[in-house]
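Shown next, in C-alpha cells, is the structure this report addresses.
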Amino acid sequence: MLLMQHIAKVYRTESVETNALRDFNLSVKQGEFVAVTGPSGSGKSTFLGIAGLVDTPTGGTYSLDGTDVSTMNDSARSRFRNRKIGFIFQAFNLIPDLNLINNIEVPLAYRGIKASERLELAEAALKRVGLGSRAKHYPGQLSGGQQQRVAIARALAGSPALLLADEPTGNLDSEMARGVMELLEELHAGGATIVMVTHDLPLAERAQRIVRVKDGHASEVTRLSSAFTAKGGSA
Ligand SMILES: Nc1ncnc2c1ncn2[C@@H]1O[C@H](COP(=O)(O)OP(=O)(O)OP(=O)(O)O)[C@@H](O)[C@H]1O
Ligand SMILES: [Mg+2]
C-alpha cells in the first residue's frame, strides 16, 4: 500500500539546513496498523506529512497503492489525497471561523460529496467522538482534547483507506485516549490501513507493528511479546 525508498527531506532556512529524513525506508501493507515512535525532532511528523501527500520529499521515491506519487503534480496529488487519505494533524489544523460540522465537511467537499450527504457523515463522525451536541460550536470554544477529537472526526468522516494520525491521543486523558484507540481499531477492523505516531508505549503495543524513527531513519522494533511468540509460544 505504502512504499518509501531512500526518502530524504531537507529543510533549508537562510542559516540552517536540517536533514529531517535521511535514507528513510518503510513499507506498510494494505490493512496493517503500524505505530511510529521516536524522540522529539526525529522526523516522525515529517514522514507522516510526506506519507499523507501534504508535503513532498527532497529525494527518494514514494509509491502509494502502486502509483508513484513522488512525481505527481500538485493537483493530481491533492486529488489522490482527498480520495484516499484521512489525516489527523498533531496541531489539529481546525479552521477557527467554521463551526465543528463545517470543519468536518471541508475534506468531504473537496471530494465532491454533496451537501446533504456531507452533513450526515459529519454529524455521524462528531457523534462517534462524543461531541454530537457541539455541532454548532467553534474550535475556539473547545478544550484541547475536544479539538483533538474534532480533528479525529474530520479524518474519519470520509472512511479513508489510509488513516495517518500524528499523536492522536496527545492531548487526551487516559480514558479518552483508550476511546480514541478503540475507534482506530474499529476502523482498522473495517479494512483501513493505519499509521499512528505516538509517544504512548502501551498504545503503540496495541498496533501490529512498531516502527522507531531516529535521526531521520526508520527501524523495526522487535517486541517482547512477538519475541515470545517466535520462540514457539502459542498466542
Ligand atoms: N518547516 C520546517 N522548517 C525547518 N525545519 C523543520 C520544519 N519542520 C520540521 N523541521 C525540523 O525537522 C526535524 C524533524 O521534525 P519533525 O516535526 O518531523 O519531528 P517529530 O519527530 O515529529 O518531533 P515531535 O515528536 O516533537 O513532534 C526537526 O529538527 C525540526 O526542527
Ligand atoms: Mg511531530
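Simple scheme: letters A, B, ... for chains in C-alpha cells order, numbers from 1 for residues in each chain, numbers from 1 for ligands in the order shown.
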**Request:** Taking the chain letters and numbering used in this document, name the residues of chain A that DSSP puts in strand (DSSP E or B), as a PyMOL selection string.
**Result:** chain A and resi 2-12+17-28+33-37+59-64+67-68+85-88+162-166+193-197+209-214+217-221
Fewer than 3 positions away in the same chain doesn't count, so skip those; otherwise give me all residues within 10 Å of Ser219 in chain A, counting only C-alpha atoms, as an mmCIF file with all heavy atoms, in the first residue's frame.
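Listed below is the output, out_23.cif:
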```
data_model
loop_
_atom_site.group_PDB
_atom_site.id
_atom_site.type_symbol
_atom_site.label_atom_id
_atom_site.label_comp_id
_atom_site.auth_asym_id
_atom_site.auth_seq_id
_atom_site.Cartn_x
_atom_site.Cartn_y
_atom_site.Cartn_z
ATOM 1 N N PHE A 24 15.279 7.240 4.355
ATOM 2 C CA PHE A 24 14.154 6.719 5.131
ATOM 3 C C PHE A 24 13.429 5.665 4.296
ATOM 4 O O PHE A 24 12.969 5.940 3.195
ATOM 5 C CB PHE A 24 13.204 7.879 5.467
ATOM 6 C CG PHE A 24 12.076 7.518 6.387
ATOM 7 C CD1 PHE A 24 12.173 7.769 7.747
ATOM 8 C CD2 PHE A 24 10.913 6.939 5.883
ATOM 9 C CE1 PHE A 24 11.116 7.453 8.607
ATOM 10 C CE2 PHE A 24 9.860 6.627 6.730
ATOM 11 C CZ PHE A 24 9.963 6.882 8.098
ATOM 12 N N ASN A 25 13.392 4.434 4.804
ATOM 13 C CA ASN A 25 12.763 3.334 4.071
ATOM 14 C C ASN A 25 11.664 2.721 4.912
ATOM 15 O O ASN A 25 11.875 2.410 6.078
ATOM 16 C CB ASN A 25 13.799 2.248 3.752
ATOM 17 C CG ASN A 25 14.899 2.785 2.868
ATOM 18 O OD1 ASN A 25 14.682 3.070 1.700
ATOM 19 N ND2 ASN A 25 16.088 2.949 3.450
ATOM 20 N N LEU A 26 10.487 2.548 4.320
ATOM 21 C CA LEU A 26 9.387 1.937 5.065
ATOM 22 C C LEU A 26 8.357 1.382 4.097
ATOM 23 O O LEU A 26 8.031 1.999 3.081
ATOM 24 C CB LEU A 26 8.706 2.986 5.960
ATOM 25 C CG LEU A 26 7.579 2.439 6.838
ATOM 26 C CD1 LEU A 26 8.117 1.524 7.920
ATOM 27 C CD2 LEU A 26 6.794 3.585 7.482
ATOM 28 N N VAL A 36 4.216 4.402 15.128
ATOM 29 C CA VAL A 36 5.527 5.020 14.897
ATOM 30 C C VAL A 36 5.927 5.769 16.161
ATOM 31 O O VAL A 36 5.169 6.607 16.657
ATOM 32 C CB VAL A 36 5.466 5.993 13.701
ATOM 33 C CG1 VAL A 36 6.804 6.690 13.499
ATOM 34 C CG2 VAL A 36 5.056 5.253 12.426
ATOM 35 N N ILE A 210 5.578 -1.976 15.317
ATOM 36 C CA ILE A 210 6.080 -0.691 15.791
ATOM 37 C C ILE A 210 7.332 -0.322 15.007
ATOM 38 O O ILE A 210 8.239 -1.138 14.848
ATOM 39 C CB ILE A 210 6.420 -0.723 17.303
ATOM 40 C CG1 ILE A 210 5.194 -1.137 18.113
ATOM 41 C CG2 ILE A 210 6.922 0.640 17.765
ATOM 42 C CD1 ILE A 210 5.446 -1.238 19.611
ATOM 43 N N VAL A 211 7.332 0.904 14.496
ATOM 44 C CA VAL A 211 8.497 1.406 13.772
ATOM 45 C C VAL A 211 9.079 2.535 14.607
ATOM 46 O O VAL A 211 8.342 3.375 15.128
ATOM 47 C CB VAL A 211 8.065 1.936 12.387
ATOM 48 C CG1 VAL A 211 9.197 2.691 11.709
ATOM 49 C CG2 VAL A 211 7.580 0.786 11.508
ATOM 50 N N ARG A 212 10.391 2.538 14.753
ATOM 51 C CA ARG A 212 11.022 3.604 15.519
ATOM 52 C C ARG A 212 11.775 4.524 14.562
ATOM 53 O O ARG A 212 12.536 4.063 13.714
ATOM 54 C CB ARG A 212 11.991 2.988 16.534
ATOM 55 C CG ARG A 212 12.675 4.028 17.401
ATOM 56 C CD ARG A 212 13.507 3.330 18.476
ATOM 57 N NE ARG A 212 14.447 4.263 19.079
ATOM 58 C CZ ARG A 212 14.122 5.144 20.020
ATOM 59 N NH1 ARG A 212 12.879 5.205 20.460
ATOM 60 N NH2 ARG A 212 15.021 5.957 20.514
ATOM 61 N N VAL A 213 11.530 5.812 14.719
ATOM 62 C CA VAL A 213 12.247 6.791 13.906
ATOM 63 C C VAL A 213 13.297 7.449 14.776
ATOM 64 O O VAL A 213 13.022 7.862 15.910
ATOM 65 C CB VAL A 213 11.283 7.859 13.333
ATOM 66 C CG1 VAL A 213 12.052 8.891 12.521
ATOM 67 C CG2 VAL A 213 10.213 7.202 12.475
ATOM 68 N N LYS A 214 14.518 7.480 14.256
ATOM 69 C CA LYS A 214 15.601 8.124 14.994
ATOM 70 C C LYS A 214 16.519 8.805 13.992
ATOM 71 O O LYS A 214 16.915 8.187 13.002
ATOM 72 C CB LYS A 214 16.362 7.080 15.808
ATOM 73 C CG LYS A 214 17.213 7.692 16.883
ATOM 74 C CD LYS A 214 17.743 6.658 17.855
ATOM 75 C CE LYS A 214 18.748 7.322 18.761
ATOM 76 N NZ LYS A 214 20.112 6.903 18.512
ATOM 77 N N THR A 222 11.528 -4.841 17.620
ATOM 78 C CA THR A 222 11.124 -6.204 17.967
ATOM 79 C C THR A 222 10.525 -6.151 19.358
ATOM 80 O O THR A 222 11.155 -5.656 20.287
ATOM 81 C CB THR A 222 12.328 -7.157 17.972
ATOM 82 O OG1 THR A 222 13.036 -6.948 16.762
ATOM 83 C CG2 THR A 222 11.885 -8.592 18.065
#
```
**Asked** Hey, what's within 9 Å of Leu163 in chain A if we count only C-alpha atoms and toss same-chain stuff fewer than 3 positions away? As number ranges by chain, please?
**Response** A: 52, 84-88, 155-156, 159-160, 184, 187, 192-196
Could those selected residues go to a file with N, CA and C atoms, as a PDB file, in the first residue's frame?
```
ATOM      1  N   GLY A  52       1.224  11.415   3.793  1.00  0.00           N
ATOM      2  CA  GLY A  52      -0.129  11.905   3.570  1.00  0.00           C
ATOM      3  C   GLY A  52      -0.257  12.877   2.414  1.00  0.00           C
ATOM      4  N   LYS A  84      -8.239   9.186  -0.840  1.00  0.00           N
ATOM      5  CA  LYS A  84      -7.753   8.011  -0.112  1.00  0.00           C
ATOM      6  C   LYS A  84      -7.339   8.222   1.330  1.00  0.00           C
ATOM      7  N   ILE A  85      -6.988   9.460   1.674  1.00  0.00           N
ATOM      8  CA  ILE A  85      -6.271   9.645   2.929  1.00  0.00           C
ATOM      9  C   ILE A  85      -7.032  10.490   3.940  1.00  0.00           C
ATOM     10  N   GLY A  86      -7.052  10.021   5.181  1.00  0.00           N
ATOM     11  CA  GLY A  86      -7.535  10.832   6.294  1.00  0.00           C
ATOM     12  C   GLY A  86      -6.320  11.210   7.125  1.00  0.00           C
ATOM     13  N   PHE A  87      -6.224  12.478   7.531  1.00  0.00           N
ATOM     14  CA  PHE A  87      -5.032  12.939   8.234  1.00  0.00           C
ATOM     15  C   PHE A  87      -5.417  13.608   9.547  1.00  0.00           C
ATOM     16  N   ILE A  88      -4.884  13.088  10.640  1.00  0.00           N
ATOM     17  CA  ILE A  88      -5.083  13.740  11.939  1.00  0.00           C
ATOM     18  C   ILE A  88      -3.786  14.469  12.265  1.00  0.00           C
ATOM     19  N   ALA A 155     -11.000  13.450  10.132  1.00  0.00           N
ATOM     20  CA  ALA A 155     -10.189  12.494   9.374  1.00  0.00           C
ATOM     21  C   ALA A 155     -10.961  11.222   9.041  1.00  0.00           C
ATOM     22  N   LEU A 156     -11.873  10.827   9.927  1.00  0.00           N
ATOM     23  CA  LEU A 156     -12.525   9.540   9.676  1.00  0.00           C
ATOM     24  C   LEU A 156     -13.884   9.660   8.998  1.00  0.00           C
ATOM     25  N   SER A 159     -14.401   7.838   5.711  1.00  0.00           N
ATOM     26  CA  SER A 159     -13.929   6.450   5.692  1.00  0.00           C
ATOM     27  C   SER A 159     -12.714   6.257   4.777  1.00  0.00           C
ATOM     28  N   PRO A 160     -11.588   6.902   5.093  1.00  0.00           N
ATOM     29  CA  PRO A 160     -10.415   6.821   4.212  1.00  0.00           C
ATOM     30  C   PRO A 160      -9.785   5.429   4.231  1.00  0.00           C
ATOM     31  N   LEU A 184      -9.914   3.818  16.407  1.00  0.00           N
ATOM     32  CA  LEU A 184      -8.951   3.489  15.350  1.00  0.00           C
ATOM     33  C   LEU A 184      -8.961   1.983  15.083  1.00  0.00           C
ATOM     34  N   LEU A 187     -11.895   1.136  12.941  1.00  0.00           N
ATOM     35  CA  LEU A 187     -11.654   1.479  11.532  1.00  0.00           C
ATOM     36  C   LEU A 187     -10.730   0.453  10.893  1.00  0.00           C
ATOM     37  N   ALA A 192      -9.350  -0.405   7.086  1.00  0.00           N
ATOM     38  CA  ALA A 192      -8.457   0.733   6.860  1.00  0.00           C
ATOM     39  C   ALA A 192      -7.006   0.385   7.230  1.00  0.00           C
ATOM     40  N   THR A 193      -6.080   0.977   6.514  1.00  0.00           N
ATOM     41  CA  THR A 193      -4.669   0.904   6.856  1.00  0.00           C
ATOM     42  C   THR A 193      -4.381   2.108   7.756  1.00  0.00           C
ATOM     43  N   ILE A 194      -3.704   1.870   8.873  1.00  0.00           N
ATOM     44  CA  ILE A 194      -3.495   2.967   9.820  1.00  0.00           C
ATOM     45  C   ILE A 194      -2.023   3.104  10.198  1.00  0.00           C
ATOM     46  N   VAL A 195      -1.546   4.337  10.160  1.00  0.00           N
ATOM     47  CA  VAL A 195      -0.205   4.639  10.647  1.00  0.00           C
ATOM     48  C   VAL A 195      -0.361   5.719  11.711  1.00  0.00           C
ATOM     49  N   MET A 196       0.039   5.397  12.925  1.00  0.00           N
ATOM     50  CA  MET A 196      -0.179   6.301  14.061  1.00  0.00           C
ATOM     51  C   MET A 196       1.136   6.626  14.765  1.00  0.00           C
TER      52      MET A 196
END
```
**Request:** May I ask you to write as a PyMOL selection string all residues lying at most 6 Å from ligand 1, with only C-alpha atoms and all ligand atoms counted?
**Result:** chain A and resi 11+18+20+39-46
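Nearest residue to Asn19 in chain A, choosing from A:Leu53, A:Ile7, A:Met176, A:Ala91 and counting only C-alpha atoms: A:Ile7.
Picture a line from CA of Lys9 in chain A to CA of Ser63 in chain A; it runs 16.0 Å.
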**Asked** Which neighbours of Asp200 in chain A fall inside 9 Å, counting only C-alpha atoms, when residues of the same chain fewer than 5 positions from it are skipped, and could you give them as a VMD selection string?
**Response** chain A and resid 37 167 169 to 170 205
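Put simply, CA of Phe47 in chain A is 10.2 Å away from CA of Asp166 in chain A.
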**Message:** If we count only C-alpha atoms and set the cut-off at 8 Å, which residues sit around Thr61 in chain A, ignoring sequence neighbours fewer than 2 positions away in its own chain? Please answer as a PyMOL selection string.
**Reply:** chain A and resi 4-7+59+63+68-70
Could those residues be written to a file, using all heavy atoms, as a JSON list (two decimals), in the first residue's frame?
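Final output, out02.json:
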```json
[["chain", "number", "residue", "atom", "x", "y", "z"],
["A", 4, "MET", "N", 8.07, 3.54, 0.81],
["A", 4, "MET", "CA", 9.02, 4.66, 0.74],
["A", 4, "MET", "C", 10.42, 4.11, 0.61],
["A", 4, "MET", "O", 10.82, 3.25, 1.39],
["A", 4, "MET", "CB", 8.94, 5.50, 2.00],
["A", 4, "MET", "CG", 7.71, 6.33, 2.10],
["A", 4, "MET", "SD", 7.87, 7.47, 3.48],
["A", 4, "MET", "CE", 6.37, 8.42, 3.23],
["A", 5, "GLN", "N", 11.15, 4.60, -0.39],
["A", 5, "GLN", "CA", 12.52, 4.14, -0.59],
["A", 5, "GLN", "C", 13.48, 5.32, -0.66],
["A", 5, "GLN", "O", 13.30, 6.22, -1.50],
["A", 5, "GLN", "CB", 12.60, 3.32, -1.88],
["A", 5, "GLN", "CG", 11.87, 1.97, -1.76],
["A", 5, "GLN", "CD", 11.74, 1.27, -3.10],
["A", 5, "GLN", "OE1", 11.14, 1.78, -4.04],
["A", 5, "GLN", "NE2", 12.32, 0.09, -3.19],
["A", 6, "HIS", "N", 14.45, 5.28, 0.22],
["A", 6, "HIS", "CA", 15.51, 6.29, 0.24],
["A", 6, "HIS", "C", 14.96, 7.71, 0.28],
["A", 6, "HIS", "O", 15.49, 8.61, -0.38],
["A", 6, "HIS", "CB", 16.43, 6.13, -0.98],
["A", 6, "HIS", "CG", 16.85, 4.72, -1.23],
["A", 6, "HIS", "ND1", 17.57, 3.99, -0.31],
["A", 6, "HIS", "CD2", 16.62, 3.88, -2.28],
["A", 6, "HIS", "CE1", 17.78, 2.76, -0.79],
["A", 6, "HIS", "NE2", 17.21, 2.68, -1.96],
["A", 7, "ILE", "N", 13.88, 7.90, 1.06],
["A", 7, "ILE", "CA", 13.29, 9.23, 1.14],
["A", 7, "ILE", "C", 14.20, 10.17, 1.92],
["A", 7, "ILE", "O", 14.74, 9.83, 2.98],
["A", 7, "ILE", "CB", 11.90, 9.17, 1.82],
["A", 7, "ILE", "CG1", 10.88, 8.47, 0.92],
["A", 7, "ILE", "CG2", 11.41, 10.55, 2.22],
["A", 7, "ILE", "CD1", 10.47, 9.23, -0.32],
["A", 59, "GLY", "N", 14.06, 13.95, -1.90],
["A", 59, "GLY", "CA", 14.73, 12.87, -2.60],
["A", 59, "GLY", "C", 14.05, 11.55, -2.34],
["A", 59, "GLY", "O", 13.25, 11.44, -1.40],
["A", 63, "SER", "N", 5.69, 5.35, -3.34],
["A", 63, "SER", "CA", 4.53, 4.88, -4.09],
["A", 63, "SER", "C", 3.41, 4.48, -3.14],
["A", 63, "SER", "O", 3.65, 3.97, -2.04],
["A", 63, "SER", "CB", 4.91, 3.76, -5.06],
["A", 63, "SER", "OG", 4.94, 2.53, -4.38],
["A", 68, "ASP", "N", 3.29, 5.75, -8.36],
["A", 68, "ASP", "CA", 4.42, 6.57, -7.93],
["A", 68, "ASP", "C", 3.92, 7.99, -7.72],
["A", 68, "ASP", "O", 3.63, 8.71, -8.67],
["A", 68, "ASP", "CB", 5.52, 6.54, -9.00],
["A", 68, "ASP", "CG", 6.74, 7.33, -8.56],
["A", 68, "ASP", "OD1", 6.69, 7.97, -7.48],
["A", 68, "ASP", "OD2", 7.74, 7.32, -9.29],
["A", 69, "VAL", "N", 3.79, 8.37, -6.45],
["A", 69, "VAL", "CA", 3.24, 9.70, -6.15],
["A", 69, "VAL", "C", 4.34, 10.76, -6.04],
["A", 69, "VAL", "O", 4.04, 11.95, -5.95],
["A", 69, "VAL", "CB", 2.37, 9.69, -4.87],
["A", 69, "VAL", "CG1", 1.04, 9.01, -5.13],
["A", 69, "VAL", "CG2", 3.07, 9.01, -3.71],
["A", 70, "SER", "N", 5.61, 10.31, -6.06],
["A", 70, "SER", "CA", 6.69, 11.31, -5.89],
["A", 70, "SER", "C", 6.84, 12.20, -7.12],
["A", 70, "SER", "O", 7.41, 13.28, -7.03],
["A", 70, "SER", "CB", 8.01, 10.65, -5.50],
["A", 70, "SER", "OG", 8.16, 9.36, -6.02]]
```
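In terms of minimum interatomic distance to Leu48 in chain A, A:Gln90 ranks closest within A:Gln30, A:Gln90, A:Gln208, A:Ser116, counting only C-alpha atoms.
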**Request:** Using DSSP on the backbone coordinates, identify the residues of range 1-230 of chain A assigned to alpha helix (DSSP H); present them as a PyMOL selection string.
**Result:** chain A and resi 44-51+74-84+100-110+115-128+144-156+174-189+201-204+224-230
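Here CA of Asp74 in chain A is placed at a distance of 25.3 Å from CA of Val197 in chain A.
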**Request:** Would you mind listing what lies within 7 Å of Ala8 in chain A as a list of chain:residue names, with only C-alpha atoms counted and same-chain residues fewer than 5 positions away left out?
**Result:** A:Leu21, A:Arg22, A:Asp23, A:Phe24, A:Pro57, A:Thr58, A:Gly59, A:Gly60
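Every protein or nucleic acid residue with an atom no more than 10 Å from Leu131 in chain A, counting only C-alpha atoms and leaving out same-chain residues fewer than 4 positions away, appears here: Leu100, Glu123, Ala124, Ala125, Leu126, Lys127, Ala135, His137, Gln146, Gln147, Arg149, Val150 and Ala153 of chain A.
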**Complete:** Closest of A:Gly49, A:Lys29, A:Glu182, A:Glu14 to ligand 2, counting only C-alpha atoms and all ligand atoms, is A:Gly49
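Proximity ranking of A:Arg128, A:Lys136, A:Lys114, A:Asn93 relative to Val180 in chain A places A:Arg128 first, based on only C-alpha atoms.
Counting only C-alpha atoms and all ligand atoms and comparing A:Tyr138, A:Phe80, A:Phe92, A:Phe33, the residue that lies closest to ligand 2 is A:Phe92.
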**Message:** With distances taken over only C-alpha atoms and all ligand atoms, which residue among A:Arg111, A:Arg209, A:Arg77, A:His199 lies nearest ligand 2?
**Reply:** A:His199
